[in-house]
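File shown: structure-v3.cif. Contents: mmCIF, C-alpha atoms.
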```
data_my_file
#
loop_
_atom_site.label_atom_id
_atom_site.label_comp_id
_atom_site.auth_asym_id
_atom_site.auth_seq_id
_atom_site.Cartn_x
_atom_site.Cartn_y
_atom_site.Cartn_z
CA MET W 1 -21.52 22.82 9.49
CA GLY W 2 -23.77 23.08 12.51
CA VAL W 3 -25.67 19.96 11.39
CA LEU W 4 -22.41 18.00 10.95
CA ILE W 5 -21.13 19.03 14.39
CA SER W 6 -24.44 18.11 15.97
CA SER W 7 -24.42 14.72 14.24
CA CYS W 8 -20.90 13.94 15.48
CA GLN W 9 -21.82 14.93 19.03
CA ASN W 10 -24.82 12.57 18.93
CA ARG W 11 -22.69 9.66 17.70
CA PRO W 12 -23.31 6.44 19.69
CA LYS W 13 -20.33 4.98 21.58
CA GLU W 14 -20.22 1.87 19.41
CA VAL W 15 -19.76 3.99 16.27
CA LEU W 16 -16.19 4.88 15.26
CA ASN W 17 -15.30 8.55 15.33
CA ARG W 18 -14.56 10.29 12.05
CA LYS W 19 -10.76 9.96 12.16
CA GLN W 20 -10.97 6.25 13.04
CA MET W 21 -13.56 5.71 10.33
CA GLU W 22 -11.39 7.37 7.69
CA ARG W 23 -8.35 5.26 8.64
CA VAL W 24 -10.33 2.03 8.45
CA LEU W 25 -12.06 3.10 5.25
CA TYR W 26 -8.66 3.78 3.65
CA ASP W 27 -7.35 0.30 4.49
CA VAL W 28 -10.62 -1.34 3.42
CA TYR W 29 -10.34 0.38 0.02
CA VAL W 30 -6.76 -0.89 -0.34
CA ALA W 31 -7.78 -4.41 0.69
CA GLU W 32 -10.71 -4.46 -1.74
CA ALA W 33 -8.44 -3.28 -4.57
CA THR W 34 -5.96 -6.03 -3.70
CA ILE W 35 -8.72 -8.64 -3.77
CA GLU W 36 -10.03 -7.35 -7.09
CA ASN W 37 -6.59 -7.41 -8.75
CA ASP W 38 -5.55 -10.76 -7.28
CA TYR W 39 -8.79 -12.61 -7.90
CA GLN W 40 -7.04 -15.94 -8.48
CA HIS W 41 -5.65 -15.89 -4.95
CA PHE W 42 -8.86 -14.58 -3.38
CA ASN W 43 -11.07 -17.00 -5.30
CA THR W 44 -13.52 -17.84 -2.50
CA PRO W 45 -15.75 -15.72 -0.25
CA GLU W 46 -13.96 -17.19 2.78
CA LYS W 47 -10.55 -15.93 1.61
CA LYS W 48 -11.95 -12.48 0.87
CA GLU W 49 -13.66 -12.29 4.26
CA ALA W 50 -10.51 -13.44 6.07
CA TYR W 51 -8.44 -10.74 4.34
CA ILE W 52 -10.91 -7.98 5.25
CA ASN W 53 -11.05 -9.29 8.81
CA GLU W 54 -7.27 -8.81 9.04
CA VAL W 55 -7.87 -5.11 8.40
CA PHE W 56 -10.38 -4.98 11.23
CA LYS W 57 -7.97 -6.85 13.48
CA GLU W 58 -5.20 -4.33 12.82
CA HIS W 59 -7.55 -1.50 13.80
CA ARG W 60 -8.83 -3.47 16.81
CA ILE W 61 -12.46 -3.40 15.75
CA THR W 62 -15.03 -6.09 14.91
CA GLN W 63 -17.09 -6.70 11.79
CA ALA W 64 -20.20 -5.74 13.77
CA GLN W 65 -18.65 -2.44 14.85
CA TRP W 66 -17.66 -1.69 11.27
CA ASP W 67 -21.14 -2.49 9.95
CA THR W 68 -22.76 -0.33 12.63
CA SER W 69 -20.41 2.58 11.93
CA LEU W 70 -20.87 2.31 8.16
CA SER W 71 -24.64 2.27 8.53
CA TRP W 72 -24.60 5.27 10.89
CA TYR W 73 -22.44 7.40 8.59
CA SER W 74 -24.37 6.31 5.50
CA ASP W 75 -27.52 7.77 7.05
CA ARG W 76 -25.68 11.11 7.25
CA ILE W 77 -24.82 11.39 3.59
CA ASP W 78 -23.12 14.81 3.74
CA LEU W 79 -20.70 13.65 6.40
CA TYR W 80 -20.11 10.33 4.66
CA LEU W 81 -19.32 12.02 1.34
CA LYS W 82 -16.84 14.36 3.03
CA MET W 83 -15.07 11.39 4.62
CA ASN W 84 -15.09 9.47 1.36
CA ASP W 85 -13.57 12.43 -0.51
CA SER W 86 -10.86 12.74 2.13
CA VAL W 87 -9.97 9.05 1.87
CA ARG W 88 -9.90 9.10 -1.94
CA ALA W 89 -7.66 12.18 -1.87
CA ARG W 90 -5.27 10.33 0.45
CA LEU W 91 -5.22 7.33 -1.89
CA GLN W 92 -4.47 9.60 -4.84
CA ARG W 93 -1.63 11.31 -2.94
CA ALA W 94 -0.11 7.95 -2.05
CA ARG W 95 -0.27 6.79 -5.64
CA SER W 96 1.18 10.06 -6.96
CA ASN W 97 4.01 9.88 -4.43
CA VAL W 98 5.00 6.36 -5.51
CA ASP W 99 4.78 7.33 -9.20
CA ALA W 100 6.95 10.40 -8.57
CA GLN W 101 9.59 8.35 -6.75
CA LEU W 102 9.68 5.81 -9.56
CA SER W 103 9.96 8.55 -12.19
CA GLN W 104 12.81 10.18 -10.28
CA GLN W 105 14.63 6.89 -9.92
CA ASN W 106 14.06 6.11 -13.58
CA ALA W 107 15.53 9.46 -14.62
CA LEU W 108 18.57 8.94 -12.42
CA GLN W 109 19.28 5.50 -13.79
CA TRP W 110 18.72 6.67 -17.36
CA THR W 111 21.26 9.48 -16.93
CA ASP W 112 24.11 7.24 -15.79
CA PRO W 113 23.52 3.80 -14.28
CA PHE W 114 27.14 3.67 -13.07
CA LEU W 115 27.02 7.02 -11.26
CA ASN W 116 26.11 5.54 -7.89
CA SER W 117 28.48 3.79 -5.51
CA PRO W 118 28.14 0.02 -4.91
CA SER W 119 26.56 0.76 -1.52
CA TYR W 120 23.74 2.88 -3.01
CA ILE W 121 20.26 1.47 -2.37
CA PRO W 122 17.39 3.22 -4.18
CA ARG W 123 14.14 3.98 -2.37
CA THR W 124 12.15 2.58 -5.30
CA PHE W 125 13.01 0.39 -8.27
CA ALA W 126 11.16 -0.49 -11.49
CA PHE W 127 12.21 -3.47 -13.59
CA CYS W 128 11.14 -1.61 -16.73
CA MET W 129 13.91 0.97 -16.37
CA PRO W 130 16.50 0.95 -19.19
CA SER W 131 19.31 0.19 -16.74
CA ALA W 132 17.32 -2.20 -14.57
CA ARG W 133 18.74 -5.37 -16.13
CA SER W 134 17.52 -8.19 -13.91
CA GLY W 135 17.35 -6.34 -10.62
CA LEU W 136 19.29 -4.30 -8.08
CA ARG W 137 22.37 -5.13 -6.04
CA PHE W 138 24.48 -3.44 -3.39
CA ARG W 139 27.64 -3.97 -1.33
CA LEU W 140 28.81 -2.34 1.92
CA ASP W 141 32.22 -2.62 3.57
CA SER W 142 32.87 -2.31 7.31
CA ILE W 143 33.27 1.49 7.20
CA GLU W 144 30.00 1.96 5.32
CA ILE W 145 28.22 -0.45 7.67
CA ASN W 146 29.24 1.63 10.71
CA GLU W 147 28.29 4.89 8.98
CA LYS W 148 24.93 3.85 7.54
CA ILE W 149 23.71 1.31 10.12
CA PRO W 150 24.06 2.66 13.68
CA ASP W 151 22.11 -0.10 15.44
CA ASP W 152 23.33 -3.63 16.20
CA HIS W 153 20.20 -5.25 14.79
CA PHE W 154 18.84 -4.26 11.40
CA SER W 155 17.13 -5.67 8.31
CA PHE W 156 16.84 -5.37 4.55
CA THR W 157 13.21 -4.62 3.71
CA PHE W 158 11.32 -3.93 0.51
CA SER W 159 7.77 -4.11 -0.81
CA VAL W 160 6.64 -5.62 -4.12
CA ILE W 161 3.78 -4.43 -6.29
CA GLY W 162 2.57 -5.43 -9.77
CA LEU W 163 3.43 -9.13 -9.57
CA PRO W 164 0.55 -11.00 -11.29
CA SER W 165 -0.87 -13.90 -9.32
CA SER W 166 -0.70 -16.18 -12.37
CA TYR W 167 2.94 -15.29 -13.10
CA HIS W 168 5.62 -17.38 -11.39
CA PRO W 169 9.11 -16.22 -12.40
CA ARG W 170 12.40 -16.95 -10.65
CA PHE W 171 12.18 -13.97 -8.32
CA SER W 172 14.23 -13.87 -5.14
CA SER W 173 16.33 -11.78 -2.76
CA LEU W 174 19.53 -12.66 -0.94
CA LEU W 175 21.30 -10.86 1.89
CA THR W 176 24.84 -12.13 2.48
CA LEU W 177 26.49 -11.23 5.79
CA GLN W 178 30.24 -11.81 5.95
CA TYR W 179 31.79 -11.94 9.41
CA THR W 180 35.45 -12.64 10.21
CA ASP W 181 35.11 -16.43 10.17
CA THR W 182 31.49 -16.98 9.20
CA THR W 183 29.20 -16.15 6.31
CA LEU W 184 25.42 -16.08 6.81
CA TYR W 185 22.79 -16.11 4.07
CA GLN W 186 19.30 -14.68 4.38
CA TRP W 187 17.30 -15.76 1.34
CA VAL W 188 13.64 -15.33 0.44
CA ASN W 189 11.64 -16.41 -2.60
CA ILE W 190 9.33 -13.63 -3.83
CA THR W 191 5.94 -15.06 -4.73
CA GLU W 192 3.37 -12.35 -3.95
CA ASN W 193 2.81 -8.62 -3.55
CA ARG W 194 3.73 -7.79 0.03
CA THR W 195 6.54 -6.51 2.25
CA TYR W 196 9.61 -8.72 2.71
CA ASN W 197 12.02 -8.48 5.63
CA LEU W 198 15.45 -10.13 5.93
CA PRO W 199 16.77 -9.62 9.49
CA ALA W 200 20.46 -9.31 10.38
CA SER W 201 22.86 -8.41 13.18
CA LYS W 202 26.26 -6.71 13.33
CA PHE W 203 27.50 -9.25 15.83
CA ILE W 204 27.26 -12.98 16.33
CA GLU W 205 29.08 -15.06 18.93
CA ASN W 206 32.73 -13.93 19.01
CA ASP W 207 32.47 -12.43 15.52
CA THR W 208 31.83 -9.04 13.90
CA LEU W 209 30.19 -8.15 10.60
CA SER W 210 32.70 -6.92 8.01
CA GLN W 211 30.81 -6.85 4.69
CA ILE W 212 27.25 -7.00 3.32
CA TRP W 213 26.15 -8.08 -0.14
CA GLY W 214 22.56 -8.04 -1.27
CA PHE W 215 20.37 -8.24 -4.34
CA VAL W 216 16.81 -8.58 -5.58
CA HIS W 217 16.87 -10.62 -8.79
CA LEU W 218 14.14 -11.32 -11.34
CA GLN W 219 14.68 -13.78 -14.15
CA ASP W 220 11.94 -12.98 -16.63
CA THR W 221 11.26 -14.89 -19.82
CA THR W 222 7.77 -13.58 -20.64
CA ARG W 223 8.43 -9.83 -20.80
CA VAL W 224 5.87 -8.78 -18.20
CA VAL W 225 8.37 -7.07 -15.89
CA SER W 226 7.12 -3.61 -16.87
CA GLN W 227 4.46 -3.72 -14.17
CA ILE W 228 6.64 -5.16 -11.37
CA LYS W 229 8.10 -2.57 -9.00
CA LEU W 230 9.86 -2.40 -5.62
CA TYR W 231 9.21 0.38 -3.14
CA ASP W 232 10.07 1.27 0.49
CA ILE W 233 13.49 -0.32 -0.06
CA PHE W 234 15.57 0.09 3.08
CA LEU W 235 18.67 -1.34 4.77
CA GLY W 236 18.94 -0.46 8.44
CA SER W 237 16.78 -0.20 11.53
CA LYS W 238 13.27 1.18 11.34
CA PRO W 239 9.79 0.19 12.55
CA LEU W 240 8.02 -1.95 9.96
CA PRO W 241 4.50 -1.01 8.80
CA GLN W 242 1.70 -2.91 10.51
CA ALA W 243 0.81 -4.71 7.30
CA SER W 244 4.34 -5.98 6.69
CA VAL W 245 5.09 -9.67 6.85
CA GLU W 246 8.38 -10.72 8.39
CA MET W 247 10.17 -13.86 7.35
CA PRO W 248 9.57 -16.40 10.14
CA GLU W 249 12.57 -17.17 12.32
CA ALA W 250 12.29 -20.84 11.47
CA GLU W 251 12.56 -20.03 7.78
CA ALA W 252 15.51 -17.72 8.34
CA ASN W 253 17.37 -20.53 10.10
CA SER W 254 16.26 -23.28 7.75
CA SER W 255 18.38 -25.19 5.29
CA GLU W 256 17.56 -22.54 2.70
CA SER W 257 19.51 -19.98 4.77
CA PRO W 258 22.60 -21.98 5.81
CA VAL W 259 25.27 -20.82 8.21
CA LEU W 260 28.65 -21.62 6.64
CA THR W 261 32.17 -20.76 7.68
CA LYS W 262 34.23 -18.81 5.20
CA LYS W 263 36.81 -21.59 5.16
CA ARG W 264 34.23 -24.04 3.85
CA ILE W 265 32.76 -21.99 1.01
CA LYS W 266 33.92 -20.21 -2.11
CA MET W 267 32.19 -16.90 -2.55
CA ALA W 268 30.71 -16.40 -6.03
CA ASP W 269 30.60 -13.00 -7.63
CA SER W 270 27.33 -11.09 -7.82
CA ASP W 271 26.75 -11.91 -11.50
CA SER W 272 27.03 -15.64 -10.80
CA LEU W 273 24.68 -15.31 -7.85
#
```
Structure rendered as structure tokens:
Amino acid sequence: MGVLISSCQNRPKEVLNRKQMERVLYDVYVAEATIENDYQHFNTPEKKEAYINEVFKEHRITQAQWDTSLSWYSDRIDLYLKMNDSVRARLQRARSNVDAQLSQQNALQWTDPFLNSPSYIPRTFAFCMPSARSGLRFRLDSIEINEKIPDDHFSFTFSVIGLPSSYHPRFSSLLTLQYTDTTLYQWVNITENRTYNLPASKFIENDTLSQIWGFVHLQDTTRVVSQIKLYDIFLGSKPLPQASVEMPEAEANSSESPVLTKKRIKMADSDSL
């Protein structure tokens, strides 16, 4: 212990401290696993390097600072192994937590898929569940909107995992916002494993939100849905993780997300959608 304390005290300024090093090491492990499992997308050294550099950018460090820190800790093998064990334990806890949430959700759906109200939004969702069908859906009326969404601006967010890079199903999400005289659509096509964010507001010019419909739908014809899962599903206002990717404003206001008045459209039911 005395040797480890002495080593940390003699750490050069350009070397990350232990807590910083563990945080970066955790994200580097996750990035490397992503690259390894999505090799068709990261099929060149340039793409792999760019992805790792995004990790460094999030932690506000450079490649040179990372290399220096890694070399310094590697020369102190006892300290490095302790850090490595700590990071691997964190990764295992994160994986166990997601698995536990999915198992709990699976058990709930297996017991009675019609037990929950239309406004219920699960924290996690697996397409392999017996009651999963082709996805999840929800509906909130004005009372539920005021009770469950206190802020004026909010979003529907979820993360996708297990989507193979070579698999291209019809996989999408739609958030429908019905105001008194206007209906807005926020639509996104799901093509990769990442976090998706569909922004919304309770108020637009001279109009108030009265109902919300939403769904995440997967039309699968190859029977590989067993590995596709949703997690961190949330409707409301919360800070997004640093690694999340928001739908660009231009895309949200594009022709794929039209603004239509209720008088000009005929609302389809959720099954038709």
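The spacing separating CA of Ile52 (chain W) from CA of Asp99 (chain W) amounts to 26.3 Å.
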Go through the shown structure with the PyMOL selection byres ((chain W and resi 178) around 7) and write out the matching residues as a ChimeraX atom specification. /W:176-177,179-180,182-184,209-212
Check which residues satisfy the PyMOL selection byres ((chain W and resi 148-164) around 6) in the file shown, then give them as a list of chain:residue names. W:Glu144, W:Ile145, W:Asn146, W:Glu147, W:Ser165, W:Ser166, W:Tyr167, W:Asn193, W:Arg194, W:Thr195, W:Tyr196, W:Asn197, W:Leu198, W:Pro199, W:Ala200, W:Ser201, W:Lys202, W:Gln227, W:Ile228, W:Lys229, W:Leu230, W:Tyr231, W:Asp232, W:Ile233, W:Phe234, W:Leu235, W:Gly236, W:Ser237
Run the PyMOL selection byres ((chain W and resi 9-24) around 8) against the file shown and list the residues it catches, as a ChimeraX atom specification. /W:5-8,25-28,55-56,59,65-66,68-69,72,83-84,86-87
Would you list the residues near (9.7, -10.4, -7.7), meaning any protein, DNA or RNA residue with an atom at most 8 Å from that point in file coordinates, counting all atoms listed in the file, as a PyMOL selection string? chain W and resi 160+163+169-172+190-192+216-218+228
Residue subset to file, keeping C-alpha atoms, as a compact mmCIF listing (two decimals), in the frame of the given file:
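File part-v4.txt, as written:
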```txt
# COMPACT_ATOMS: atom_id res chain seq x y z
CA VAL W 160 6.64 -5.62 -4.12
CA LEU W 163 3.43 -9.13 -9.57
CA PRO W 169 9.11 -16.22 -12.40
CA ARG W 170 12.40 -16.95 -10.65
CA PHE W 171 12.18 -13.97 -8.32
CA SER W 172 14.23 -13.87 -5.14
CA ILE W 190 9.33 -13.63 -3.83
CA THR W 191 5.94 -15.06 -4.73
CA GLU W 192 3.37 -12.35 -3.95
CA VAL W 216 16.81 -8.58 -5.58
CA HIS W 217 16.87 -10.62 -8.79
CA LEU W 218 14.14 -11.32 -11.34
CA ILE W 228 6.64 -5.16 -11.37
```
In Å, rounded to a single decimal, give me how far CA of Asp141 (chain W) is from CA of Ser119 (chain W).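 The value is 8.3 Å.
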Ranking W:Tyr80, W:Ser173, W:Asn189, W:Trp213 by minimum distance to Gly135 (chain W) and counting all atoms listed in the file, which one comes first?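 Among W:Tyr80, W:Ser173, W:Asn189, W:Trp213, it is W:Ser173 that comes nearest to Gly135 (chain W).
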Distance of CA of Arg123 (chain W) from CA of Gln186 (chain W), expressed in Å to one decimal place: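 If I compute the distance from CA of Gln186 (chain W) to CA of Arg123 (chain W), I get 20.5 Å.
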Test item: residues at most 12 Å from region 45-49 of chain W, only C-alpha atoms, excluding those fewer than 2 positions along its chain, as an MDAnalysis selection string: chainID W and resid 28 31:36 38:43 51:56 63
Nearest to Asn97 (chain W) among W:Thr124, W:Ile77, W:Ser142, W:Lys82, with distances taken over all atoms listed in the file: which residue is it? W:Thr124
